[in-house]
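First up is the structure itself, then whatever we jot down about it.
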Amino acid sequence: MRFCKLLFVGCLSVVSLASHAENLKGLYQVRQPVSSQAPEERDRATQAALDTLVLRLTGDPKAPQNPGLAAVRKDPQQIISQFGFDAGPPEVLKVDFDPSSTEQALRRAGLSLWGASRPSILSWWLNDSTEGSSLVGDGQAAAAPLRTAAQHRGLPLRLPLADLSEQLVATAPALEGVDPAPLRGASERYNADALLAVHAREEGGQWQAKWRLWLGDQKEAGSVQGADQAAVADAVMLAVAERLAPRFVAKPGASGQQALEVQGMNLEHYAALLRLLEPFGVRLQSVDGDRIVYRVNGSADQMRAQLSLAKLQELPAEAPVPVAAPQPAVAGAAPVAAPAPTPAAPSLRFRW
């Protein structure tokens, strides 16, 4: 009965992740700027929207040109559910792609997919312009380009309040430094998975930015440039998405199968875990009290990265169970049936 209740709740898929990770909303909607509503401009923007979506779902800059997507690129309407224009400025073509048809097309092309459960990112963003230096805070007008860029690139973005105490911490040296310690204390109350530090500067009418990203033991850094704040924000978010995606994408047929054991399961954990592991072809193998074993397609490192979003703790692998040696047959005795093979112990073990 308990198992049936677990399945029922899991099928509902309405319980949010008990973690900092976010199920990104609007993952399959792309807003593409246009210069007019002319058919030629609409077709151009539709192709650009398709490229944006493919990159958002794979994190691979080469994926939009994959030969397996030739038919979809020729006729994007086969995976589009609706589209329309929103008045600006700037005017945009809003394209809603069908999730099921899109995922099927990408998988047929052999592309790796990044699911909707993605690490939440707290960004400390300092702008230096001719008007002065300012830390971008939640609710400020300067936050709009950052939020637009994050949504465009498929990243769950959080911004600090940027109050006086935080302005004293998030200085240019702190944002460009290799040690995140000065920012971690101020970041704790925002409860995010990743920390993104950006120092953007305006020079000669152009913008450039240095960025650093910390997620667990992963450290990334880079620099970008753009014509304005919106362009440099998009460049930063694109670079961050491309660095994060390889850690989380489910690679079809390339990573093998893993037996994954999770302890401390309850109704909420069950639904949350199904959503988290969905991109990895999760299949239920066994249930024993609050202990569940799944089969998943993905490498051990991918599973560790994905489950870290739910703050699960990894357990040491179980010691293999010794198998008794077969007994020699005795003349005249009834044959003894061979014991059923014991399933291999899970290669990965976690608990809530």
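Here's how to read the names in the structure tokens: chain A, B, ... by the order shown, residue numbers from 1 in each chain, ligand numbers from 1 in the order shown.
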- Task: May I have the residues within 12 Å of Gln104 in chain A as an MDAnalysis selection string, using only C-alpha atoms and disregarding those fewer than 6 positions away in the same chain?
- Result: chainID A and resid 68:69 72 78:79 98 110:113
- Query: Between A:Asp234, A:Glu103, A:Asp75, A:Glu188, which one has atoms that come closest to Thr148 in chain A, using only C-alpha atoms?
  - Reply: A:Asp234
- Message: Report, in Å with one decimal, the straight-line distance from CA of Ala221 in chain A to CA of Pro33 in chain A.
- Response: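 Separation between CA of Ala221 in chain A and CA of Pro33 in chain A: 28.7 Å.
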- Query: Do you have the CA of Phe280 in chain A-CA of Asp217 in chain A distance handy?
  - Reply: 22.4 Å
- Item | Neighbour list for Val169 in chain A as a ChimeraX atom specification, cut-off 8 Å, only C-alpha atoms, skip fewer than 5 positions in-chain | /A:174,182-183,186
- Task: Could you please write out, as number ranges by chain, every residue of range 246-289 of chain A that DSSP assigns to helix (DSSP H, G or I)?
- Result: A: 246-248, 267-280
- Message: Which residues are close to Ala45 in chain A, i.e. within 9 Å by only C-alpha atoms, leaving aside same-chain residues fewer than 4 positions away? Reply as a PyMOL selection string.
- Response: chain A and resi 32-34+40-41+49-50+92-93
- Which is closest to Asp60 in chain A among A:Trp125, A:Gly289, A:Gly139, A:Arg243, if we use only C-alpha atoms?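 Nearest candidate to Asp60 in chain A out of A:Trp125, A:Gly289, A:Gly139, A:Arg243: A:Arg243.
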